[in-house]
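Take a look at the structure below.
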Amino acid sequence: MESIAEAAEFERTEIGTIQIAPEVIGVIAGLATVEVSGVAGMSGGIAGGIAELLGRKNLAKGVKVEVGQKEAAVDVSIVVEYGYRIPEVASEIQRSVKRSIETMTGLSVVEVNVHIHDVHFKSAEKTEDEETHRVK
């Protein structure tokens, strides 16, 4: 995950400051993204070469975050499930990411950009499973 600042100063209280690391925003964005129906997984992006499907272990993979003191901008790169309407999936990701970050951090999300890097076909997955079962 890429970020502009190491940790943006978020809020000063009577007893100190509260800082939220950009990695935290990235994990929130990643989780909000993979929970959307039609998302097969996160993508490492074009720079990484091949898009990869990821579990929940590295939710910030495929997420780029810019965090200021009051605002955040997010880019997410995904793999979409075959058969879903891409514009609807992308719009739902934008709503989900914005809502999750604003609710959990109080930051205003000014931008959520969704990059679709690949399409995942379930039929290919079933074929691999069937081959695996024949080997047992």
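How things are named: the first chain in the structure tokens is A, the next is B, and so on; residues count from 1 in each chain; ligands count from 1 in the order shown.
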
Please provide as a PDB file with N, CA and C atoms, in the first residue's frame all residues within 9 Å of region 103-116 of chain A, with the sequence filter that same-chain residues fewer than 5 positions apart are discarded (counting only C-alpha atoms).
```pdb
ATOM      1  N   PHE A  10      -4.464  13.706  13.339  1.00  0.00           N
ATOM      2  CA  PHE A  10      -5.895  13.685  13.115  1.00  0.00           C
ATOM      3  C   PHE A  10      -6.627  14.611  14.070  1.00  0.00           C
ATOM      4  N   ILE A  20      -4.030   8.479  13.083  1.00  0.00           N
ATOM      5  CA  ILE A  20      -4.481   7.275  12.387  1.00  0.00           C
ATOM      6  C   ILE A  20      -3.530   7.050  11.221  1.00  0.00           C
ATOM      7  N   ILE A  25      -6.374   3.192   7.365  1.00  0.00           N
ATOM      8  CA  ILE A  25      -7.371   3.617   6.385  1.00  0.00           C
ATOM      9  C   ILE A  25      -7.405   2.609   5.239  1.00  0.00           C
ATOM     10  N   ILE A  28      -9.308  -0.533   6.315  1.00  0.00           N
ATOM     11  CA  ILE A  28     -10.750  -0.232   6.347  1.00  0.00           C
ATOM     12  C   ILE A  28     -11.302  -0.227   4.924  1.00  0.00           C
ATOM     13  N   SER A  43      -6.639  -6.495  -6.213  1.00  0.00           N
ATOM     14  CA  SER A  43      -5.597  -6.668  -7.209  1.00  0.00           C
ATOM     15  C   SER A  43      -4.382  -5.860  -6.807  1.00  0.00           C
ATOM     16  N   GLY A  45      -2.487  -4.463  -8.722  1.00  0.00           N
ATOM     17  CA  GLY A  45      -2.342  -3.364  -9.677  1.00  0.00           C
ATOM     18  C   GLY A  45      -1.503  -3.761 -10.870  1.00  0.00           C
ATOM     19  N   VAL A  67      -3.860  10.649   2.926  1.00  0.00           N
ATOM     20  CA  VAL A  67      -4.551  11.109   4.127  1.00  0.00           C
ATOM     21  C   VAL A  67      -4.030  12.471   4.544  1.00  0.00           C
ATOM     22  N   GLY A  68      -4.952  13.394   4.768  1.00  0.00           N
ATOM     23  CA  GLY A  68      -4.610  14.701   5.325  1.00  0.00           C
ATOM     24  C   GLY A  68      -5.130  14.776   6.743  1.00  0.00           C
ATOM     25  N   GLN A  69      -5.191  15.980   7.303  1.00  0.00           N
ATOM     26  CA  GLN A  69      -5.673  16.128   8.674  1.00  0.00           C
ATOM     27  C   GLN A  69      -7.177  15.943   8.771  1.00  0.00           C
ATOM     28  N   LYS A  70      -7.899  16.271   7.721  1.00  0.00           N
ATOM     29  CA  LYS A  70      -9.367  16.191   7.767  1.00  0.00           C
ATOM     30  C   LYS A  70      -9.962  15.348   6.648  1.00  0.00           C
ATOM     31  N   GLU A  71      -9.164  15.058   5.612  1.00  0.00           N
ATOM     32  CA  GLU A  71      -9.697  14.390   4.432  1.00  0.00           C
ATOM     33  C   GLU A  71      -8.847  13.193   4.024  1.00  0.00           C
ATOM     34  N   ALA A  72      -9.474  12.306   3.245  1.00  0.00           N
ATOM     35  CA  ALA A  72      -8.772  11.148   2.695  1.00  0.00           C
ATOM     36  C   ALA A  72      -9.244  10.909   1.270  1.00  0.00           C
ATOM     37  N   ALA A  73      -8.338  10.420   0.444  1.00  0.00           N
ATOM     38  CA  ALA A  73      -8.662   9.996  -0.918  1.00  0.00           C
ATOM     39  C   ALA A  73      -8.163   8.561  -1.068  1.00  0.00           C
ATOM     40  N   VAL A  74      -8.936   7.726  -1.736  1.00  0.00           N
ATOM     41  CA  VAL A  74      -8.640   6.302  -1.808  1.00  0.00           C
ATOM     42  C   VAL A  74      -8.742   5.810  -3.249  1.00  0.00           C
ATOM     43  N   ASP A  75      -7.807   4.953  -3.635  1.00  0.00           N
ATOM     44  CA  ASP A  75      -7.869   4.216  -4.897  1.00  0.00           C
ATOM     45  C   ASP A  75      -7.872   2.733  -4.550  1.00  0.00           C
ATOM     46  N   VAL A  76      -8.823   1.977  -5.085  1.00  0.00           N
ATOM     47  CA  VAL A  76      -8.852   0.535  -4.875  1.00  0.00           C
ATOM     48  C   VAL A  76      -8.789  -0.168  -6.226  1.00  0.00           C
ATOM     49  N   SER A  77      -7.999  -1.232  -6.282  1.00  0.00           N
ATOM     50  CA  SER A  77      -7.863  -2.042  -7.487  1.00  0.00           C
ATOM     51  C   SER A  77      -8.442  -3.420  -7.201  1.00  0.00           C
ATOM     52  N   ILE A  78      -9.393  -3.838  -8.044  1.00  0.00           N
ATOM     53  CA  ILE A  78     -10.119  -5.073  -7.749  1.00  0.00           C
ATOM     54  C   ILE A  78     -10.157  -6.033  -8.930  1.00  0.00           C
ATOM     55  N   VAL A  79     -10.560  -7.258  -8.611  1.00  0.00           N
ATOM     56  CA  VAL A  79     -10.920  -8.274  -9.587  1.00  0.00           C
ATOM     57  C   VAL A  79     -12.409  -8.499  -9.388  1.00  0.00           C
ATOM     58  N   VAL A  80     -13.179  -8.390 -10.462  1.00  0.00           N
ATOM     59  CA  VAL A  80     -14.636  -8.522 -10.364  1.00  0.00           C
ATOM     60  C   VAL A  80     -15.058  -9.934 -10.762  1.00  0.00           C
ATOM     61  N   ILE A  86     -20.331  -4.271 -13.825  1.00  0.00           N
ATOM     62  CA  ILE A  86     -19.164  -3.570 -13.297  1.00  0.00           C
ATOM     63  C   ILE A  86     -19.501  -2.171 -12.778  1.00  0.00           C
ATOM     64  N   ALA A  90     -18.770  -1.140  -8.904  1.00  0.00           N
ATOM     65  CA  ALA A  90     -17.878  -0.007  -8.613  1.00  0.00           C
ATOM     66  C   ALA A  90     -18.585   1.066  -7.789  1.00  0.00           C
ATOM     67  N   SER A  91     -19.838   1.372  -8.117  1.00  0.00           N
ATOM     68  CA  SER A  91     -20.600   2.377  -7.357  1.00  0.00           C
ATOM     69  C   SER A  91     -20.819   1.926  -5.917  1.00  0.00           C
ATOM     70  N   ILE A  93     -18.895  -0.120  -4.241  1.00  0.00           N
ATOM     71  CA  ILE A  93     -17.589  -0.019  -3.575  1.00  0.00           C
ATOM     72  C   ILE A  93     -17.356   1.416  -3.118  1.00  0.00           C
ATOM     73  N   GLN A  94     -17.632   2.374  -3.988  1.00  0.00           N
ATOM     74  CA  GLN A  94     -17.439   3.783  -3.630  1.00  0.00           C
ATOM     75  C   GLN A  94     -18.274   4.153  -2.405  1.00  0.00           C
ATOM     76  N   ARG A  95     -19.529   3.752  -2.393  1.00  0.00           N
ATOM     77  CA  ARG A  95     -20.398   4.064  -1.245  1.00  0.00           C
ATOM     78  C   ARG A  95     -19.899   3.370   0.025  1.00  0.00           C
ATOM     79  N   VAL A  97     -16.845   2.129   0.828  1.00  0.00           N
ATOM     80  CA  VAL A  97     -15.554   2.637   1.311  1.00  0.00           C
ATOM     81  C   VAL A  97     -15.733   3.997   1.972  1.00  0.00           C
ATOM     82  N   LYS A  98     -16.456   4.893   1.324  1.00  0.00           N
ATOM     83  CA  LYS A  98     -16.690   6.242   1.874  1.00  0.00           C
ATOM     84  C   LYS A  98     -17.383   6.152   3.230  1.00  0.00           C
TER      85      LYS A  98
END
```

Go through A:Glu88, A:Thr13, A:Ile101, A:Gly41 one by one, measure the shortest atom-to-atom distance of each to Val27 (chain A) using only C-alpha atoms, and give the residue with the smallest value.
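So, comparing all the options, the nearest one is A:Ile101.
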
Nearest-residue call for Met42 (chain A), choices A:Val65, A:Glu81, A:Glu92, A:Ala21, using only C-alpha atoms:
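The closest residue to Met42 (chain A) is A:Glu81.
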
Counting only C-alpha atoms, which residue out of A:Val89, A:Gly62, A:Ser96, A:Tyr84 sits closest to Gly26 (chain A)?
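Selected residue with least distance to Gly26 (chain A): A:Gly62.
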
Separating CA of Asp118 (chain A) from CA of Glu23 (chain A), to the nearest tenth of an Å, is a gap of 24.2 Å

With only C-alpha atoms as the atoms that count, which of A:Arg99, A:Gly44, A:Glu11, A:Val39 lies nearest to Tyr82 (chain A)?
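Checking each candidate against Tyr82 (chain A), we get A:Val39 as the closest.
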
Suppose you want the space between CA of Gly16 (chain A) and CA of Leu31 (chain A); what is it in Å?
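Value for the CA of Gly16 (chain A)-CA of Leu31 (chain A) distance: 29.1 Å.
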